[in-house]
>>> print(open('structure_27.tsv').read())   # TSV, C-alpha atoms (C1' of nucleotides)
chain	number	residue	atom	x	y	z
A	1	MET	CA	-13.44	-22.91	13.67
A	2	PRO	CA	-10.70	-25.35	12.72
A	3	ASP	CA	-9.70	-25.95	16.35
A	4	THR	CA	-7.00	-23.31	16.77
A	5	PRO	CA	-3.88	-24.55	15.04
A	6	PRO	CA	-0.73	-23.18	16.65
A	7	PRO	CA	-0.52	-19.76	14.98
A	8	LEU	CA	3.12	-19.35	14.12
A	9	ASP	CA	6.26	-20.04	16.04
A	10	ALA	CA	8.35	-17.19	17.35
A	11	ALA	CA	10.87	-17.23	14.55
A	12	GLN	CA	8.16	-17.18	11.94
A	13	LEU	CA	6.36	-14.34	13.63
A	14	GLY	CA	9.56	-12.38	13.84
A	15	ALA	CA	10.36	-12.91	10.20
A	16	TYR	CA	6.84	-12.04	9.12
A	17	PHE	CA	6.57	-8.84	11.12
A	18	ALA	CA	10.06	-7.75	10.19
A	19	LEU	CA	9.31	-8.33	6.55
A	20	MET	CA	6.12	-6.34	6.62
A	21	GLU	CA	7.58	-3.49	8.56
A	22	VAL	CA	10.74	-3.25	6.51
A	23	ALA	CA	8.87	-3.41	3.24
A	24	GLY	CA	6.38	-0.85	4.46
A	25	LEU	CA	8.96	1.64	5.59
A	26	LEU	CA	11.05	1.10	2.52
A	27	ARG	CA	8.15	1.58	0.20
A	28	HIS	CA	7.11	4.67	2.06
A	29	ALA	CA	10.56	6.17	1.75
A	30	VAL	CA	10.89	5.19	-1.87
A	31	GLU	CA	7.52	6.62	-2.78
A	32	GLN	CA	8.52	9.87	-1.22
A	33	GLN	CA	11.82	10.01	-3.03
A	34	LEU	CA	10.24	9.17	-6.36
A	35	ARG	CA	7.52	11.71	-5.84
A	36	GLU	CA	9.97	14.45	-5.08
A	37	ALA	CA	12.50	13.53	-7.72
A	38	GLY	CA	10.11	12.90	-10.58
A	39	ASP	CA	6.52	13.18	-9.38
A	40	LEU	CA	6.11	9.44	-9.79
A	41	SER	CA	4.38	6.86	-7.67
A	42	TYR	CA	6.13	3.58	-7.08
A	43	VAL	CA	3.82	1.83	-9.48
A	44	GLN	CA	4.41	4.38	-12.19
A	45	PHE	CA	8.11	4.02	-11.70
A	46	GLN	CA	7.76	0.27	-11.94
A	47	LEU	CA	5.93	0.57	-15.20
A	48	LEU	CA	8.44	2.93	-16.73
A	49	ALA	CA	11.38	0.96	-15.44
A	50	ARG	CA	9.98	-2.26	-16.75
A	51	LEU	CA	9.43	-0.81	-20.17
A	52	GLY	CA	12.68	1.08	-20.27
A	53	LEU	CA	15.01	-1.40	-18.67
A	54	ASP	CA	13.51	-4.82	-19.18
A	55	SER	CA	11.84	-4.70	-22.53
A	56	PRO	CA	14.27	-4.63	-25.43
A	57	SER	CA	11.75	-2.83	-27.59
A	58	GLY	CA	10.67	-0.52	-24.78
A	59	SER	CA	7.11	-1.61	-25.30
A	60	GLU	CA	4.71	-4.19	-24.03
A	61	ARG	CA	1.08	-5.16	-24.21
A	62	MET	CA	-1.24	-3.92	-21.51
A	63	THR	CA	-2.02	-7.43	-20.42
A	64	ASP	CA	1.61	-8.39	-20.04
A	65	LEU	CA	2.24	-5.27	-18.03
A	66	ALA	CA	-0.70	-6.02	-15.80
A	67	ASP	CA	0.56	-9.53	-15.19
A	68	GLY	CA	3.84	-8.15	-13.98
A	69	VAL	CA	2.49	-5.41	-11.81
A	70	VAL	CA	-0.32	-7.21	-9.98
A	71	TYR	CA	-2.92	-4.65	-10.87
A	72	SER	CA	-6.41	-4.94	-12.03
A	73	ARG	CA	-6.90	-4.10	-15.65
A	74	SER	CA	-8.70	-0.91	-14.91
A	75	GLY	CA	-5.97	0.14	-12.53
A	76	LEU	CA	-3.41	-0.31	-15.23
A	77	THR	CA	-5.51	1.64	-17.68
A	78	TYR	CA	-5.68	4.42	-15.13
A	79	GLN	CA	-1.94	4.50	-14.55
A	80	ALA	CA	-1.10	4.18	-18.22
A	81	GLY	CA	-3.46	7.07	-18.83
A	82	LEU	CA	-1.57	9.23	-16.37
A	83	LEU	CA	1.78	8.37	-17.91
A	84	ASP	CA	0.38	8.93	-21.36
A	85	ARG	CA	-0.90	12.38	-20.49
A	86	ARG	CA	2.55	13.34	-19.29
A	87	GLY	CA	4.10	12.10	-22.49
A	88	LEU	CA	6.08	9.39	-20.73
A	89	VAL	CA	4.50	6.56	-22.69
A	90	THR	CA	2.45	6.19	-25.83
A	91	ARG	CA	-0.37	3.77	-26.44
A	92	SER	CA	-1.22	2.41	-29.83
A	93	PRO	CA	-3.22	-0.54	-31.13
A	94	SER	CA	-1.20	-3.58	-32.00
A	95	THR	CA	-0.99	-4.41	-35.68
A	96	ASP	CA	-0.92	-8.12	-34.92
A	97	ASP	CA	-3.96	-8.22	-32.74
A	98	GLU	CA	-6.20	-5.24	-32.98
A	99	ARG	CA	-7.60	-5.88	-29.54
A	100	SER	CA	-4.26	-5.32	-27.91
A	101	VAL	CA	-2.73	-2.03	-26.96
A	102	ILE	CA	1.00	-1.56	-27.09
A	103	VAL	CA	2.47	0.69	-24.45
A	104	ALA	CA	5.86	2.17	-25.28
A	105	VAL	CA	8.18	4.38	-23.26
A	106	THR	CA	9.00	7.65	-24.89
A	107	GLN	CA	12.38	9.31	-24.74
A	108	ALA	CA	10.96	11.60	-22.10
A	109	GLY	CA	10.03	8.53	-20.12
A	110	ARG	CA	13.49	7.11	-20.40
A	111	ASP	CA	14.99	10.42	-19.42
A	112	LEU	CA	12.81	10.63	-16.38
A	113	VAL	CA	13.76	7.16	-15.24
A	114	ALA	CA	17.40	7.97	-15.74
A	115	ARG	CA	17.00	11.15	-13.77
A	116	VAL	CA	15.23	9.46	-10.89
A	117	LEU	CA	17.21	6.26	-10.74
A	118	PRO	CA	20.33	7.43	-8.90
A	119	GLY	CA	18.40	8.86	-6.02
A	120	HIS	CA	16.25	5.78	-5.96
A	121	ALA	CA	19.23	3.50	-5.76
A	122	ASP	CA	20.65	5.75	-3.13
A	123	SER	CA	17.63	5.45	-0.89
A	124	ILE	CA	17.68	1.72	-1.15
A	125	ARG	CA	21.36	1.43	-0.53
A	126	ARG	CA	21.08	3.61	2.50
A	127	LEU	CA	17.91	2.24	4.05
A	128	LEU	CA	17.87	-1.38	3.06
A	129	PHE	CA	21.52	-2.22	2.69
A	130	GLY	CA	23.03	0.25	5.11
A	131	ALA	CA	23.30	-2.30	7.86
A	132	LEU	CA	23.97	-5.40	5.80
A	133	THR	CA	27.04	-7.24	4.66
A	134	ASP	CA	27.37	-8.76	1.22
A	135	ASP	CA	26.63	-12.11	2.74
A	136	ASP	CA	23.45	-10.80	4.24
A	137	VAL	CA	22.38	-9.47	0.89
A	138	ALA	CA	23.12	-12.76	-0.76
A	139	ALA	CA	21.15	-14.65	1.87
A	140	LEU	CA	18.25	-12.27	1.59
A	141	SER	CA	18.24	-12.49	-2.15
A	142	ASP	CA	18.37	-16.25	-2.05
A	143	VAL	CA	15.61	-16.80	0.46
A	144	LEU	CA	13.27	-14.15	-0.85
A	145	GLY	CA	13.88	-15.31	-4.37
A	146	ARG	CA	12.61	-18.72	-3.41
A	147	VAL	CA	9.61	-17.24	-1.67
A	148	ARG	CA	8.84	-15.27	-4.78
A	149	GLU	CA	8.93	-18.35	-6.95
A	150	HIS	CA	6.70	-20.12	-4.52
A	151	MET	CA	4.24	-17.27	-4.47
A	152	ARG	CA	4.15	-16.92	-8.20
A	153	ALA	CA	3.38	-20.59	-8.47
A	154	THR	CA	0.59	-20.33	-5.94
A	155	PRO	CA	-2.48	-18.83	-7.56
A	156	PRO	CA	-2.59	-15.42	-5.95
A	157	ARG	CA	-5.72	-13.94	-7.35
A	158	SER	CA	-7.10	-16.46	-9.72
A	159	ALA	CA	-9.50	-18.15	-7.34
A	160	ARG	CA	-12.29	-15.84	-8.25
A	161	PRO	CA	-14.27	-17.23	-11.15
A	162	ARG	CA	-17.69	-16.39	-9.79
A	163	ALA	CA	-18.72	-12.80	-9.54
A	164	GLY	CA	-21.25	-11.34	-7.13
A	165	ARG	CA	-21.97	-12.22	-3.53
A	166	ASN	CA	-18.89	-10.70	-2.01
A	167	ARG	CA	-20.03	-7.87	0.23
A	168	THR	CA	-19.70	-7.25	3.96
A	169	ALA	CA	-21.02	-10.65	4.88
B	1	MET	CA	23.12	15.22	-11.41
B	2	PRO	CA	25.64	13.56	-9.10
B	3	ASP	CA	27.46	11.84	-11.98
B	4	THR	CA	25.64	8.52	-12.09
B	5	PRO	CA	26.87	6.43	-9.19
B	6	PRO	CA	26.67	2.71	-9.95
B	7	PRO	CA	23.02	2.04	-9.15
B	8	LEU	CA	23.06	-1.26	-7.30
B	9	ASP	CA	24.87	-4.47	-7.93
B	10	ALA	CA	23.02	-7.50	-9.17
B	11	ALA	CA	22.63	-9.14	-5.80
B	12	GLN	CA	21.27	-5.97	-4.26
B	13	LEU	CA	18.82	-5.46	-7.07
B	14	GLY	CA	17.68	-9.03	-6.74
B	15	ALA	CA	17.16	-8.72	-3.03
B	16	TYR	CA	15.37	-5.41	-3.36
B	17	PHE	CA	12.96	-6.50	-6.05
B	18	ALA	CA	12.29	-9.81	-4.38
B	19	LEU	CA	11.57	-8.06	-1.12
B	20	MET	CA	9.15	-5.63	-2.66
B	21	GLU	CA	7.36	-8.22	-4.70
B	22	VAL	CA	7.08	-10.71	-1.89
B	23	ALA	CA	5.85	-8.12	0.56
B	24	GLY	CA	3.41	-6.76	-1.97
B	25	LEU	CA	1.92	-10.11	-2.82
B	26	LEU	CA	1.84	-11.16	0.80
B	27	ARG	CA	0.13	-8.02	1.90
B	28	HIS	CA	-2.36	-8.30	-0.90
B	29	ALA	CA	-3.21	-11.84	0.06
B	30	VAL	CA	-3.38	-11.01	3.73
B	31	GLU	CA	-5.61	-8.02	3.18
B	32	GLN	CA	-7.96	-10.19	1.23
B	33	GLN	CA	-8.05	-12.87	3.87
B	34	LEU	CA	-8.63	-10.37	6.66
B	35	ARG	CA	-11.32	-8.63	4.69
B	36	GLU	CA	-13.18	-11.82	4.06
B	37	ALA	CA	-12.70	-13.29	7.49
B	38	GLY	CA	-13.47	-10.22	9.54
B	39	ASP	CA	-13.97	-7.22	7.26
B	40	LEU	CA	-10.70	-5.77	8.47
B	41	SER	CA	-7.94	-3.99	6.65
B	42	TYR	CA	-4.39	-4.89	7.48
B	43	VAL	CA	-3.93	-1.70	9.42
B	44	GLN	CA	-7.06	-2.27	11.44
B	45	PHE	CA	-5.90	-5.75	12.22
B	46	GLN	CA	-2.54	-4.38	13.28
B	47	LEU	CA	-4.19	-1.96	15.63
B	48	LEU	CA	-6.43	-4.56	17.19
B	49	ALA	CA	-3.64	-7.10	17.43
B	50	ARG	CA	-1.32	-4.63	19.01
B	51	LEU	CA	-3.86	-3.69	21.61
B	52	GLY	CA	-5.05	-7.19	22.22
B	53	LEU	CA	-1.80	-9.11	22.08
B	54	ASP	CA	0.95	-6.67	22.94
B	55	SER	CA	-0.51	-4.33	25.50
B	56	PRO	CA	-1.05	-5.94	28.86
B	57	SER	CA	-3.89	-3.55	29.63
B	58	GLY	CA	-5.35	-3.83	26.16
B	59	SER	CA	-5.16	-0.09	25.82
B	60	GLU	CA	-2.78	2.53	24.57
B	61	ARG	CA	-2.59	6.22	23.86
B	62	MET	CA	-3.33	7.40	20.37
B	63	THR	CA	0.15	8.79	20.02
B	64	ASP	CA	1.82	5.57	21.01
B	65	LEU	CA	-0.32	3.68	18.57
B	66	ALA	CA	0.54	6.10	15.82
B	67	ASP	CA	4.22	5.68	16.52
B	68	GLY	CA	3.90	1.97	16.07
B	69	VAL	CA	1.78	2.01	12.97
B	70	VAL	CA	3.56	4.67	10.91
B	71	TYR	CA	0.41	6.65	10.23
B	72	SER	CA	-0.33	10.28	10.33
B	73	ARG	CA	-2.34	11.37	13.31
B	74	SER	CA	-5.40	12.02	11.27
B	75	GLY	CA	-5.13	8.64	9.66
B	76	LEU	CA	-5.09	7.00	13.03
B	77	THR	CA	-8.06	9.03	14.15
B	78	TYR	CA	-9.87	7.83	11.07
B	79	GLN	CA	-9.07	4.19	11.64
B	80	ALA	CA	-9.78	4.36	15.34
B	81	GLY	CA	-13.09	5.94	14.47
B	82	LEU	CA	-13.97	3.04	12.22
B	83	LEU	CA	-13.06	0.50	14.87
B	84	ASP	CA	-14.94	2.48	17.47
B	85	ARG	CA	-18.10	2.56	15.38
B	86	ARG	CA	-17.97	-1.19	15.10
B	87	GLY	CA	-17.57	-1.55	18.83
B	88	LEU	CA	-14.14	-3.12	18.51
B	89	VAL	CA	-12.40	-0.43	20.55
B	90	THR	CA	-13.42	2.33	22.90
B	91	ARG	CA	-11.88	5.75	23.23
B	92	SER	CA	-11.83	7.70	26.43
B	93	PRO	CA	-9.86	10.64	27.77
B	94	SER	CA	-6.95	9.76	29.96
B	95	THR	CA	-7.32	10.66	33.61
B	96	ASP	CA	-3.61	11.40	33.89
B	97	ASP	CA	-3.37	13.76	31.02
B	98	GLU	CA	-6.63	15.13	29.78
B	99	ARG	CA	-5.20	15.78	26.36
B	100	SER	CA	-4.60	12.13	25.72
B	101	VAL	CA	-7.07	9.60	24.46
B	102	ILE	CA	-6.86	6.02	25.58
B	103	VAL	CA	-7.85	3.43	23.04
B	104	ALA	CA	-8.89	0.08	24.45
B	105	VAL	CA	-9.90	-3.15	22.75
B	106	THR	CA	-13.31	-4.40	23.66
B	107	GLN	CA	-14.20	-8.00	24.12
B	108	ALA	CA	-15.74	-7.91	20.68
B	109	GLY	CA	-12.43	-6.70	19.37
B	110	ARG	CA	-10.57	-9.51	21.04
B	111	ASP	CA	-13.06	-12.01	19.78
B	112	LEU	CA	-12.68	-10.75	16.26
B	113	VAL	CA	-8.92	-11.00	16.39
B	114	ALA	CA	-9.18	-14.50	17.77
B	115	ARG	CA	-11.58	-15.42	15.02
B	116	VAL	CA	-9.40	-14.02	12.27
B	117	LEU	CA	-6.03	-15.07	13.55
B	118	PRO	CA	-5.96	-18.72	12.55
B	119	GLY	CA	-6.72	-17.97	8.93
B	120	HIS	CA	-4.25	-15.18	8.99
B	121	ALA	CA	-1.51	-17.40	10.31
B	122	ASP	CA	-2.52	-19.96	7.77
B	123	SER	CA	-2.07	-17.62	4.85
B	124	ILE	CA	1.33	-16.61	6.05
B	125	ARG	CA	2.45	-20.11	6.70
B	126	ARG	CA	1.33	-21.18	3.29
B	127	LEU	CA	2.51	-18.23	1.22
B	128	LEU	CA	5.56	-17.00	3.02
B	129	PHE	CA	6.89	-20.09	4.70
B	130	GLY	CA	5.63	-22.73	2.35
B	131	ALA	CA	8.94	-23.00	0.54
B	132	LEU	CA	11.29	-22.30	3.41
B	133	THR	CA	13.20	-24.40	5.87
B	134	ASP	CA	13.60	-23.47	9.50
B	135	ASP	CA	17.07	-22.25	8.71
B	136	ASP	CA	15.72	-20.00	6.01
B	137	VAL	CA	13.24	-18.55	8.42
B	138	ALA	CA	15.92	-17.93	10.97
B	139	ALA	CA	18.15	-16.25	8.42
B	140	LEU	CA	15.31	-14.11	7.19
B	141	SER	CA	14.34	-13.12	10.68
B	142	ASP	CA	17.91	-12.27	11.56
B	143	VAL	CA	18.70	-10.17	8.52
B	144	LEU	CA	15.40	-8.37	8.33
B	145	GLY	CA	15.50	-7.76	12.04
B	146	ARG	CA	18.74	-5.91	11.60
B	147	VAL	CA	17.36	-3.93	8.71
B	148	ARG	CA	14.42	-2.97	10.83
B	149	GLU	CA	16.63	-1.71	13.61
B	150	HIS	CA	18.63	0.24	11.11
B	151	MET	CA	15.53	1.78	9.59
B	152	ARG	CA	14.03	2.67	12.91
B	153	ALA	CA	17.22	4.45	13.82
B	154	THR	CA	17.22	6.36	10.56
B	155	PRO	CA	14.75	9.23	10.75
B	156	PRO	CA	12.04	8.06	8.40
B	157	ARG	CA	9.62	10.92	8.44
B	158	SER	CA	11.03	13.41	10.84
B	159	ALA	CA	12.90	15.52	8.33
B	160	ARG	CA	9.93	17.70	7.73
B	161	PRO	CA	10.00	20.64	10.09
B	162	ARG	CA	9.08	23.31	7.58
B	163	ALA	CA	5.62	23.35	6.12
B	164	GLY	CA	4.59	24.74	2.77
B	165	ARG	CA	6.36	24.78	-0.57
B	166	ASN	CA	6.06	21.13	-1.38
B	167	ARG	CA	3.97	20.82	-4.51
B	168	THR	CA	4.69	19.37	-7.95
B	169	ALA	CA	7.80	21.43	-8.63
C	1	DT	C1'	-17.74	-17.50	-26.85
C	2	DA	C1'	-13.26	-15.74	-25.06
C	3	DT	C1'	-10.06	-12.05	-24.75
C	4	DT	C1'	-8.46	-7.15	-24.68
C	5	DG	C1'	-9.04	-2.90	-23.00
C	6	DT	C1'	-11.82	1.23	-21.46
C	7	DT	C1'	-15.23	3.69	-18.84
C	8	DA	C1'	-18.20	4.83	-15.06
C	9	DT	C1'	-18.58	4.65	-10.50
C	10	DA	C1'	-17.99	4.05	-5.80
C	11	DC	C1'	-15.12	3.55	-2.02
C	12	DT	C1'	-10.98	3.32	0.98
C	13	DC	C1'	-7.17	5.33	2.54
C	14	DT	C1'	-3.84	8.98	3.36
C	15	DA	C1'	-2.12	13.63	4.05
C	16	DT	C1'	-2.38	18.64	5.00
C	17	DA	C1'	-3.95	22.39	7.37
C	18	DA	C1'	-6.83	24.61	10.56
C	19	DC	C1'	-8.60	24.23	14.94
C	20	DT	C1'	-9.55	23.08	20.06
C	21	DA	C1'	-7.97	22.00	24.46
C	22	DT	C1'	-4.85	20.76	27.95
C	23	DA	C1'	0.21	20.98	29.98
D	1	DT	C1'	4.74	27.67	23.60
D	2	DA	C1'	4.39	22.65	22.93
D	3	DT	C1'	1.70	18.57	22.80
D	4	DA	C1'	-2.66	15.56	21.90
D	5	DG	C1'	-6.23	14.83	19.12
D	6	DT	C1'	-10.07	15.93	15.81
D	7	DT	C1'	-12.15	17.74	11.72
D	8	DA	C1'	-12.58	19.29	7.08
D	9	DT	C1'	-11.12	18.60	2.84
D	10	DA	C1'	-8.95	17.14	-1.07
D	11	DG	C1'	-6.56	13.79	-3.82
D	12	DA	C1'	-4.58	9.30	-5.16
D	13	DG	C1'	-5.38	4.69	-5.90
D	14	DT	C1'	-8.07	0.57	-6.40
D	15	DA	C1'	-11.77	-2.53	-7.57
D	16	DT	C1'	-16.18	-3.91	-9.78
D	17	DA	C1'	-19.27	-4.08	-13.28
D	18	DA	C1'	-20.87	-2.84	-17.65
D	19	DC	C1'	-19.44	-2.10	-22.08
D	20	DA	C1'	-17.27	-2.22	-26.97
D	21	DA	C1'	-14.43	-4.42	-30.17
D	22	DT	C1'	-11.68	-7.96	-32.08
D	23	DA	C1'	-10.34	-13.16	-32.42
>>> encode(input="structure_27.tsv", output="structure tokens")
Amino acid sequence: MPDTPPPLDAAQLGAYFALMEVAGLLRHAVEQQLREAGDLSYVQFQLLARLGLDSPSGSERMTDLADGVVYSRSGLTYQAGLLDRRGLVTRSPSTDDERSVIVAVTQAGRDLVARVLPGHADSIRRLLFGALTDDDVAALSDVLGRVREHMRATPPRSARPRAGRNRTA
Amino acid sequence: MPDTPPPLDAAQLGAYFALMEVAGLLRHAVEQQLREAGDLSYVQFQLLARLGLDSPSGSERMTDLADGVVYSRSGLTYQAGLLDRRGLVTRSPSTDDERSVIVAVTQAGRDLVARVLPGHADSIRRLLFGALTDDDVAALSDVLGRVREHMRATPPRSARPRAGRNRTA
DNA sequence: TATTGTTATACTCTATAACTATA
DNA sequence: TATAGTTATAGAGTATAACAATA
């Protein structure tokens, strides 16, 4: 016991709880909307959106996708498999490096994103931004952007070189 | 198709993505810390903390707990069952209303929260507040607090009176 | 040997629906 | 009839470890 450091001051607690609750509710709502509009989970949407909107080529390596979406490798394989089966992405071995797999959005994938996007944006505008001014949004974006940078810099899941000995106690 | 309303402006997109990523990473980290420190999920911690820190009596009705923790009833029953089995809470029928079940933290539950709390606060301070000034925290708390109020006012999961007809398409 | 990705497997969590009991 | 809670069940998602293949 490191002698009970003062947990968090009131403002910090408020910010933390508000963040978690808001993000939780928002994600819940968004998942629901995406599921109804396109039978997609949030993660699947993220993958499609990243490929379709971010990548110029519409394709990326598995590893690079995993880096951007937090997942474990196997989790990404699972999700990519689901998208593949629905014809929303294709997977093919890279010609450069035969170990790599290139995931590419299909036209069907792009269409689906396009179909789902307006409702998605709508949910967010309504729930998240419904009570905020432009200044609020700017402040939020600024502060959270800095937190994100900070978090990305901090090793989030790397501190795990040694396998084994990790259960219950 | 409602004729493609402009999705979201750049600032909104930035705030939205930052929020989701920050909350996701934070929750991931916090889950891990809680799991290691006390073999608790975030939800379980929330339940214990709510009972131990918020409720003066250390007890609450199932329904009231469910309202505060978003879950479905059955999900709460499941979690309460887990906590009960570990001796962290007890469940007993209310004397007022025999339909109700009163969940109460045990001393073991309080001890566990106390044991886990410092590390929990530590993670948050480090990850979430590590790059922020007091002003940032205040701004965050203010804006997100308002969003929370707004979201709570908006019916999040109520619009679901009719059962049935809800699958795939 | 290190990296990329898949597979097998086990487990946690969540939701729905059916059900019981009290108000 | 409405409310409180449980149970059964099914499904989605995630993580770990073992594995195969290429660099």
>>> interface_residues(input="structure_27.tsv", of="chain A", to="chain B", cutoff="7 Å", atoms="only C-alpha atoms", output="short mmCIF file (atom, residue, chain, number, x, y, z; two decimals) with C-alpha atoms, in the coordinates of the input")
data_model
loop_
_atom_site.label_atom_id
_atom_site.label_comp_id
_atom_site.auth_asym_id
_atom_site.auth_seq_id
_atom_site.Cartn_x
_atom_site.Cartn_y
_atom_site.Cartn_z
CA THR A 4 -7.00 -23.31 16.77
CA PRO A 5 -3.88 -24.55 15.04
CA PRO A 7 -0.52 -19.76 14.98
CA LEU A 8 3.12 -19.35 14.12
CA ALA A 11 10.87 -17.23 14.55
CA GLN A 12 8.16 -17.18 11.94
CA GLY A 14 9.56 -12.38 13.84
CA ALA A 15 10.36 -12.91 10.20
CA ALA A 18 10.06 -7.75 10.19
CA LEU A 19 9.31 -8.33 6.55
CA MET A 20 6.12 -6.34 6.62
CA VAL A 22 10.74 -3.25 6.51
CA ALA A 23 8.87 -3.41 3.24
CA ASP A 39 6.52 13.18 -9.38
CA PRO A 118 20.33 7.43 -8.90
CA ALA A 121 19.23 3.50 -5.76
CA LEU A 127 17.91 2.24 4.05
CA LEU A 128 17.87 -1.38 3.06
CA ALA A 131 23.30 -2.30 7.86
CA ASP A 136 23.45 -10.80 4.24
CA VAL A 137 22.38 -9.47 0.89
CA ALA A 138 23.12 -12.76 -0.76
CA LEU A 140 18.25 -12.27 1.59
CA SER A 141 18.24 -12.49 -2.15
CA VAL A 143 15.61 -16.80 0.46
CA LEU A 144 13.27 -14.15 -0.85
CA GLY A 145 13.88 -15.31 -4.37
CA ARG A 146 12.61 -18.72 -3.41
CA VAL A 147 9.61 -17.24 -1.67
CA ARG A 148 8.84 -15.27 -4.78
CA HIS A 150 6.70 -20.12 -4.52
CA MET A 151 4.24 -17.27 -4.47
CA THR A 168 -19.70 -7.25 3.96
#
>>> residues_around(input="structure_27.tsv", residues="range 5-13 of chain C", least_positions_apart="3", cutoff="10 Å", atoms="all atoms listed in the file", output="VMD selection string")
(chain A and resid 62 to 63 73 to 74 76 to 78 99 to 101) or (chain B and resid 41 75 78 to 79) or (chain D and resid 12 to 21)
>>> write_last_selection(input="structure_27.tsv", atoms="C-alpha atoms (C1' of nucleotides)", output="short mmCIF file (atom, residue, chain, number, x, y, z; two decimals), keeping the file's coordinate frame")
data_model
loop_
_atom_site.label_atom_id
_atom_site.label_comp_id
_atom_site.auth_asym_id
_atom_site.auth_seq_id
_atom_site.Cartn_x
_atom_site.Cartn_y
_atom_site.Cartn_z
CA MET A 62 -1.24 -3.92 -21.51
CA THR A 63 -2.02 -7.43 -20.42
CA ARG A 73 -6.90 -4.10 -15.65
CA SER A 74 -8.70 -0.91 -14.91
CA LEU A 76 -3.41 -0.31 -15.23
CA THR A 77 -5.51 1.64 -17.68
CA TYR A 78 -5.68 4.42 -15.13
CA ARG A 99 -7.60 -5.88 -29.54
CA SER A 100 -4.26 -5.32 -27.91
CA VAL A 101 -2.73 -2.03 -26.96
CA SER B 41 -7.94 -3.99 6.65
CA GLY B 75 -5.13 8.64 9.66
CA TYR B 78 -9.87 7.83 11.07
CA GLN B 79 -9.07 4.19 11.64
"C1'" DA D 12 -4.58 9.30 -5.16
"C1'" DG D 13 -5.38 4.69 -5.90
"C1'" DT D 14 -8.07 0.57 -6.40
"C1'" DA D 15 -11.77 -2.53 -7.57
"C1'" DT D 16 -16.18 -3.91 -9.78
"C1'" DA D 17 -19.27 -4.08 -13.28
"C1'" DA D 18 -20.87 -2.84 -17.65
"C1'" DC D 19 -19.44 -2.10 -22.08
"C1'" DA D 20 -17.27 -2.22 -26.97
"C1'" DA D 21 -14.43 -4.42 -30.17
#
>>> closest_atom_pairs(input="structure_27.tsv", of="chain C", to="chain B", cutoff="8 Å", atoms="only C-alpha atoms (C1' of nucleotides)", output="tab-separated table")
residue	atom	partner	partner_atom	distance
C:DT14	C1'	B:Gly75	CA	6.4
C:DA15	C1'	B:Ser72	CA	7.3
C:DA21	C1'	B:Arg99	CA	7.1
C:DT22	C1'	B:Arg99	CA	5.2
>>> write_last_selection(input="structure_27.tsv", atoms="C-alpha atoms (C1' of nucleotides)", output="CSV table (one decimal), in the coordinates of the input")
chain,number,residue,atom,x,y,z
C,14,DT,C1',-3.8,9.0,3.4
C,15,DA,C1',-2.1,13.6,4.0
C,21,DA,C1',-8.0,22.0,24.5
C,22,DT,C1',-4.8,20.8,28.0
>>> closest_residue(input="structure_27.tsv", among="A:Asp54, A:Glu60, A:Asp84, A:Asp96", to="chain D", atoms="all atoms listed in the file")
A:Asp96
>>> interface_residues(input="structure_27.tsv", of="chain D", to="chain B", cutoff="12 Å", atoms="all atoms listed in the file", output="list in words")
DT3, DA4, DG5, DT6, DT7, DA8 and DT14 of chain D
>>> atom_distance(input="structure_27.tsv", atom1="CA of Leu47 in chain A", atom2="C1' of DA10 in chain D")
26.4 Å
>>> atom_distance(input="structure_27.tsv", atom1="C1' of DA17 in chain C", atom2="CA of Gly81 in chain B")
20.1 Å
>>> closest_residue(input="structure_27.tsv", among="A:Gly87, A:Leu82, A:Gly109, A:Ala66", to="DT4 in chain C", atoms="only C-alpha atoms (C1' of nucleotides)")
A:Ala66
>>> closest_residue(input="structure_27.tsv", among="B:Glu31, B:Thr90, B:Ala49, B:Pro56", to="Ile102 in chain B", atoms="only C-alpha atoms")
B:Thr90
>>> atom_distance(input="structure_27.tsv", atom1="CA of Leu34 in chain A", atom2="CA of Val103 in chain A")
21.4 Å
>>> build_atoms(input="structure_27.tsv", residues="range 81-86 of chain A", atoms="N, CA, C and O atoms", output="compact mmCIF listing (two decimals), in the coordinates of the input")
# COMPACT_ATOMS: atom_id res chain seq x y z
N GLY A 81 -2.88 5.80 -18.41
CA GLY A 81 -3.46 7.07 -18.83
C GLY A 81 -2.69 8.25 -18.25
O GLY A 81 -2.41 9.22 -18.96
N LEU A 82 -2.34 8.15 -17.00
CA LEU A 82 -1.57 9.23 -16.37
C LEU A 82 -0.21 9.40 -17.05
O LEU A 82 0.21 10.52 -17.35
N LEU A 83 0.46 8.29 -17.28
CA LEU A 83 1.78 8.37 -17.91
C LEU A 83 1.66 8.90 -19.33
O LEU A 83 2.51 9.66 -19.80
N ASP A 84 0.62 8.48 -20.00
CA ASP A 84 0.38 8.93 -21.36
C ASP A 84 0.20 10.45 -21.40
O ASP A 84 0.81 11.16 -22.19
N ARG A 85 -0.62 10.94 -20.52
CA ARG A 85 -0.90 12.38 -20.49
C ARG A 85 0.36 13.20 -20.27
O ARG A 85 0.46 14.35 -20.70
N ARG A 86 1.30 12.61 -19.55
CA ARG A 86 2.55 13.34 -19.29
C ARG A 86 3.58 13.09 -20.38
O ARG A 86 4.72 13.55 -20.28
